[in-house]
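Asker: Got a structure for you, written out below as structure tokens; questions coming shortly.
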Amino acid sequence: MDKSIKELHELLKSGQITSEDLVKESLKKSHEIEDKYNAFVTICDDATEKEVTDSLVSGIPFGVKDNYSTKDVLSTGSSNTLKNYVPFYTATVVQKLFDAGAIMVNKTALDEFGMGGTGTTCHTGPVLNPWDKTRMCAGSSAGSACAVAAGVYPFALGSDTGDSIRKPAAYCGIVGYKPTYGMLSRYGLFPFASSLDHCGVLTRSVEDAAIVCDIMKGKDECDMTSWDSSHIHLQESLTGDIKGKKLFYIKEICDLENYPNANEELKAHLENFNKTLDLLKEAGAIVEKISIDQRLLNAIASVYVVISCAEATSNMSNLTGIIFGPRSDKQDVFEMMKDHRTLGFSPLIKRRFIIGSYVLQKENQERYFRNAARVRRLIVDKMKELFKTYDALILPVSSGPAKKLDEDKDIIDKNTSVLEEHLQIGNFGGFPSITIPNGFVNDLPVGVNLTGNCYDDENVLNIAYTLESMMPYKGQIAKERE
Amino acid sequence: MKKQIAVIGLEMHCELKSNSKVFSSARNSYSEIPNTNIAPLDMAFPGTLPVVNKKCVEDALKMSIVLNCKQPEYMFFDRKNYYYPDLPKGYQITQMTNPVGTCGKIEIEVNDQLIPVHIHDIHLEEDSASLDHFFDTSNIDYNRSGIPLLELVTEPCFHSANEAVAFLEHMRRVYQYCDISEADTKKGQIRCDVNVSIMDEDATELGTKVEIKNVNSFGGVHDAIVYEIERQMKLKEEGRYNEVEQETRRWDEETASTIRMRSKVDAIDYKYFVEPNIPKYKISKEWIEEIKGKIPRLHLERKQDYINNYGLSSYDAEILVKDKEISDYFEECLALEIDAKSASNWITTQILGYINKNSLTINDLYLNPKRLKDLIDELNKGSISTKQAKEIFLKVIEEKKEVKDFINKDNAQISNKDELTKIIDEILANNQSQIEEYKNGRTNIFDYFVGQVMKQTRGKANPVLTKEILTEKLK
Amino acid sequence: MNKFTKEMVDDYAEKLLIGLTDEENKMVLDEFEEIDRNIDLINEIPNISEVTPMTHTLDDFTFELRPDEAKESIPIEEALKNAGATDGREIEVPKVVN
């Protein structure tokens, strides 16, 4: 299970292994990983092998984040409000993988409804980092990142509203990719913030990410924001040639001088990033440093908080315990609905709801919600203008490797540097964005991110693929630090 | 106290006709059996998304055009957020920032006078689920959840209950003419909110506005307005106008009064924001033109046409335009060059009488305009009597045959003077004593002779001609 | 002078049908000044009143509206299977009185 999709496919095709072997191994590994890192909500012990066809994923096990609706399999969003919810329909992207012959072996834990960046707010408890159990995986796709990194299977589905695929990928030393908004249908993904939510995948190589998204993508009549991508062929676009491609990075984010109190980890991380830029140049790409208005960058986190919390309050208004979810025994119907929510939501997401409620109040809407949407446009317009000249933006992910679990304060801290939050730009604009492993700091993995213009997924993935091939981290499996 | 005038505004919700719901693919049809027409979205199962029905948008645009509203360049929707057990998503998808129509104006007829009505906006939204109440529980039926609704909001431009109801009647007919709703209040397809205030006749500022929610019949709208005007007037007369509060009340049918629900202060903050799951949809000029082409001539225009250009009475014209199918039937008759007045007479008497008696629609009637023309032609030719025409009318319908099938030698009217004279001569020859009596002044015996002729001809003698010949012979 | 009070926080929560424990209220209240200051960073960007708020992630693609075709209803047993209380074909709740 530590192999790539293509390798597994060849072994299956040649009969050296069977789908049954893979499912058994993956389930066994799931239980081990669950015991060690608490990565799953459900392990599908009744999963059975499937026929091996020409589809690359046929007969191969995979994981699904527990905020995807899966027919007849518990789907909780890692929330007590849905702790007993068994859907009767399957999310479009999951169904497409089923149809291609892939086998779901588990549902992975996440920060409650994706509303967290630590992987510690799941109703089943925190997910631990497979490289170092004292550290977090980041979130919200924590269980998926943990399992892929630990070699449970070659790929798992994630979702990404702020950086929920791309940050855990970095912390776990794997690849995390969210395509352009609407390339993958969101039908069946439990919503957090609909205008920012993206489906995506966590893998151990860029090619695997391309293979899986090639299968999942497509216009869905159940999601009006999905579009026809039949002209896009992700895997075929991985040529390894990026001569003449133009990339940029942002001075205000990447220069060490922006961080007068930088610790050793940050210094090493940024130094590592600069070496990566040299690799790109070696491959014939042009890399330029540009400057962006600091005020705009400083506002990223605020724009994200305001929009995501506001949309979340509305998206989660269906959680009342009437049609699904544990029913309260209160005798007044409104008290019953309230009780379900009061007991079901964790304190951390209640706080986000209160922010959402505050910024949507009639008297506050203009100043907060609508102005956030205005600044969002300014940021996106700025990026789109740059993407006219450049093929992609390259930036380091986070301020270093995975943080300690006890640093898991999920608050919006004004000292939080733009470095921690810039991936949200990818969600503001719906841009294709991929994180790949970028070596180690303190023996812990760090990641680098590439983001490009909407609909330009092929270009972005090819740059990531080329860069990946120049570094020795492709396919790496997490090894716990002694 | 100065003379007071009432100022009234209306919000009219109307369920649209369509195969599927506005944002889901569940059937849009009424069912007695609960939860038979439901899609996952209608119960807000996690992960479901709205997908907009094109027909509903088209019908909404149609009404926007009919009401002479401005149409937006882009169509999009908003969420209206509130918690209620009949609202599964916890928000209603509606249009707030960018309705399908704004700033409209139409004319309606009130007591044969045209008055202008100003439309604030018209918007497309979804209905909620319905609740059935029992002793200490309520049951939720999601069949209604997601049914398309058009909400029409007028400016406060009416001054009496009659005007307000005339507008509702007018709109009901417009919906029916455009075939976008049955607009049947009995089926709960139209629901209204009414706002009422009073002010001094010469005042420039409106008085305190009271909103009355969920009035479900036109009679209720009328009575609620009358009640509310009286209530406010009385308070004003007594110098207690400050007790009229900006509030929401409801109309209680049983007590025939309005009852306070909540004050403006407690108004819910719906936290509207744009629905991100429905992309902005560009409304092309071509589409608007195409929709315009589908809008039929409406009742008021037709009525005026019938009066002014076809010489019908206002009364008859009103009957003809009451229902579009009937008006269409009439216009088909005109197209077949049937005389307008005789078409109108046949429709308003025989045809409506027949279809009402038999609970049919005019389109179900076997006697289509072409057959009506055949019948009227035969009548005009004099080959059948009016009485016969009425009989043939029924026979054509009931036996599903053509008019000509009932016009044969046997029952054709005898209008040949020579033939008729021969018959009359025979009868007179056999009734010598009666002729004597007639000539002696018993002129009422004339009808006896006519009766004999009719008897002899089995009613086929042309009565006018018969009388003519008899008068001549009996001189 | 604190801009926010315990009552305000409870009110924001109440509007979402959420109750807060004293502890939860305190947690939010303690940070709310700072949260408010942070989200106000948005308003340091000059001249934004003329900018059209970005309400949709992509507004540059064309799509078709759904044709008006009805599909089969979801089976009743599927619709009701997660509900805490049902009565026949319907979901049952404590009596709703206005």
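Numbering starts fresh at 1 for the residues of each chain in the structure tokens, the chains themselves are lettered A, B, ... in the order given, and ligands are numbered from 1 as they appear.
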Once you count only C-alpha atoms, what closest atom pair and distance in Å to one decimal does each residue of chain A within 7 Å of chain C have, with rows by chain and rising residue number, as CSV?
Answerer:
residue,atom,partner,partner_atom,distance
A:Tyr85,CA,C:Asn82,CA,6.3
A:Val86,CA,C:Asn82,CA,6.9
A:Phe88,CA,C:Glu78,CA,6.2
A:Ser195,CA,C:Thr57,CA,5.5
A:Arg295,CA,C:Ile45,CA,6.4
A:Leu296,CA,C:Ile45,CA,6.8
A:Ala299,CA,C:Ile42,CA,5.3
A:Ser302,CA,C:Ile39,CA,4.5
A:Val303,CA,C:Ile42,CA,6.7
A:Val306,CA,C:Ile39,CA,6.9
A:Ile322,CA,C:Ala83,CA,6.2
A:Ile323,CA,C:Ala83,CA,4.6
A:Phe324,CA,C:Asn82,CA,4.7
A:Gly325,CA,C:Asn82,CA,6.9
A:Pro326,CA,C:Gly84,CA,6.7
A:Arg327,CA,C:Gly84,CA,5.3
A:Gln331,CA,C:Pro94,CA,5.9
A:Asp332,CA,C:Pro94,CA,5.9
A:Val333,CA,C:Pro94,CA,5.1
A:Lys338,CA,C:Leu17,CA,4.8
A:Arg341,CA,C:Ile18,CA,5.7
A:Thr342,CA,C:Ile18,CA,4.9
A:Pro347,CA,C:Glu24,CA,6.2
A:Arg351,CA,C:Val28,CA,6.1
A:Ile354,CA,C:Ala13,CA,5.6
A:Ser357,CA,C:Tyr12,CA,5.6
A:Tyr358,CA,C:Tyr12,CA,6.2
A:Arg370,CA,C:Pro53,CA,6.0
A:Asn371,CA,C:Ile42,CA,6.8
A:Ala372,CA,C:Ile42,CA,6.2
A:Ala373,CA,C:Pro53,CA,4.5
A:Arg374,CA,C:Pro53,CA,4.1
A:Val375,CA,C:Ile42,CA,6.8
A:Arg376,CA,C:Met54,CA,6.4
A:Arg377,CA,C:Met54,CA,5.3
A:Ile412,CA,C:Ile35,CA,6.5
A:Lys414,CA,C:Asn38,CA,6.0
A:Phe428,CA,C:Thr57,CA,6.7
A:Gly429,CA,C:Thr57,CA,5.9
A:Gly430,CA,C:Thr57,CA,5.8
Asker: Please tabulate, as a tab-separated table, the residues of chain B that come within 8 Å of chain C, each with its closest pair of atoms and the distance in Å to one decimal, counting only C-alpha atoms and ordering rows by chain, then residue number upward.
Answerer:
residue	atom	partner	partner_atom	distance
B:Ser18	CA	C:Asp68	CA	7.0
B:Asn19	CA	C:Ala70	CA	5.6
B:Ser20	CA	C:Ala70	CA	4.6
B:Lys21	CA	C:Ala70	CA	7.9
B:Ser25	CA	C:Ala70	CA	4.9
B:Ala26	CA	C:Ala70	CA	5.5
B:Arg27	CA	C:Ala70	CA	5.0
B:Asn28	CA	C:Ala70	CA	7.8
B:Pro34	CA	C:Arg89	CA	6.2
B:Asn35	CA	C:Arg89	CA	6.6
B:Thr36	CA	C:Ser73	CA	6.1
B:Asn37	CA	C:Ser73	CA	5.0
B:Ile38	CA	C:Ser73	CA	4.9
B:Ala39	CA	C:Ser73	CA	5.8
B:Pro40	CA	C:Ile74	CA	7.1
B:Val51	CA	C:Arg66	CA	6.6
B:Val52	CA	C:Arg66	CA	5.8
B:Asn53	CA	C:Arg66	CA	4.8
B:Lys54	CA	C:Leu65	CA	5.0
B:Lys55	CA	C:Asp68	CA	5.9
B:Tyr83	CA	C:Leu17	CA	7.8
B:Pro85	CA	C:Val96	CA	7.7
B:His133	CA	C:Lys95	CA	6.6
B:Phe134	CA	C:Lys95	CA	7.2
B:Phe135	CA	C:Lys95	CA	7.5
B:Asp136	CA	C:Lys95	CA	5.0
B:Thr137	CA	C:Lys95	CA	3.9
B:Ser138	CA	C:Lys95	CA	4.6
B:Asn139	CA	C:Glu92	CA	4.5
B:Ile140	CA	C:Ile91	CA	5.3
B:Asp141	CA	C:Glu90	CA	5.9
B:Val274	CA	C:Thr55	CA	6.3
B:Glu275	CA	C:Thr55	CA	8.0
B:Pro276	CA	C:His56	CA	5.4
B:Asn277	CA	C:His56	CA	7.9
B:Pro279	CA	C:His56	CA	6.5
B:Lys280	CA	C:Asp59	CA	6.6
B:Tyr281	CA	C:Thr62	CA	7.5
Asker: Produce a table with one row for each residue of chain B that has an atom at most 9 Å from any atom of chain A, each row naming the nearest atom pair and its distance in Å at one decimal; use only C-alpha atoms; arrange rows by chain and rising residue number; format as a Markdown table.
Answerer:
| residue | atom | partner | partner_atom | distance |
| --- | --- | --- | --- | --- |
| B:Ser24 | CA | A:Cys222 | CA | 8.8 |
| B:Pro40 | CA | A:Tyr89 | CA | 8.7 |
| B:Met43 | CA | A:Ile323 | CA | 7.4 |
| B:Ala44 | CA | A:Asn318 | CA | 6.4 |
| B:Phe45 | CA | A:Asn318 | CA | 7.9 |
| B:Pro46 | CA | A:Phe190 | CA | 5.3 |
| B:Gly47 | CA | A:Gly188 | CA | 3.9 |
| B:Thr48 | CA | A:Tyr187 | CA | 5.8 |
| B:Leu49 | CA | A:Asp223 | CA | 6.1 |
| B:Pro50 | CA | A:Asp223 | CA | 7.3 |
| B:Val51 | CA | A:Met224 | CA | 5.9 |
| B:Val52 | CA | A:Met224 | CA | 8.0 |
| B:Arg79 | CA | A:Ser314 | CA | 8.2 |
| B:Asn81 | CA | A:Ser314 | CA | 6.7 |
| B:Tyr82 | CA | A:Ser317 | CA | 8.3 |
| B:Tyr83 | CA | A:Ser317 | CA | 7.5 |
| B:Tyr84 | CA | A:Phe334 | CA | 7.8 |
| B:Pro85 | CA | A:Val333 | CA | 7.6 |
| B:Leu87 | CA | A:Asn318 | CA | 8.5 |
| B:Pro88 | CA | A:Asn318 | CA | 5.8 |
| B:Lys89 | CA | A:Asn318 | CA | 4.4 |
| B:Gly90 | CA | A:Ser317 | CA | 4.6 |
| B:Tyr91 | CA | A:Ser314 | CA | 7.1 |
| B:Asp269 | CA | A:Lys362 | CA | 6.6 |
| B:Tyr270 | CA | A:Lys362 | CA | 8.2 |
| B:Lys271 | CA | A:Leu360 | CA | 5.5 |
| B:Tyr272 | CA | A:Leu360 | CA | 7.9 |
| B:Phe273 | CA | A:Leu360 | CA | 8.2 |
| B:Glu275 | CA | A:Ser194 | CA | 8.7 |
| B:Pro276 | CA | A:Ser195 | CA | 5.4 |
| B:Asn277 | CA | A:Thr225 | CA | 6.4 |
| B:Ile278 | CA | A:Met224 | CA | 6.1 |
| B:Pro279 | CA | A:Thr225 | CA | 6.3 |
Asker: Could you pull out the residues in chain C that DSSP calls strand (DSSP E or B) from the backbone, as an NGL selection string?
Answerer: :C and (66 or 86-87 or 90-94)
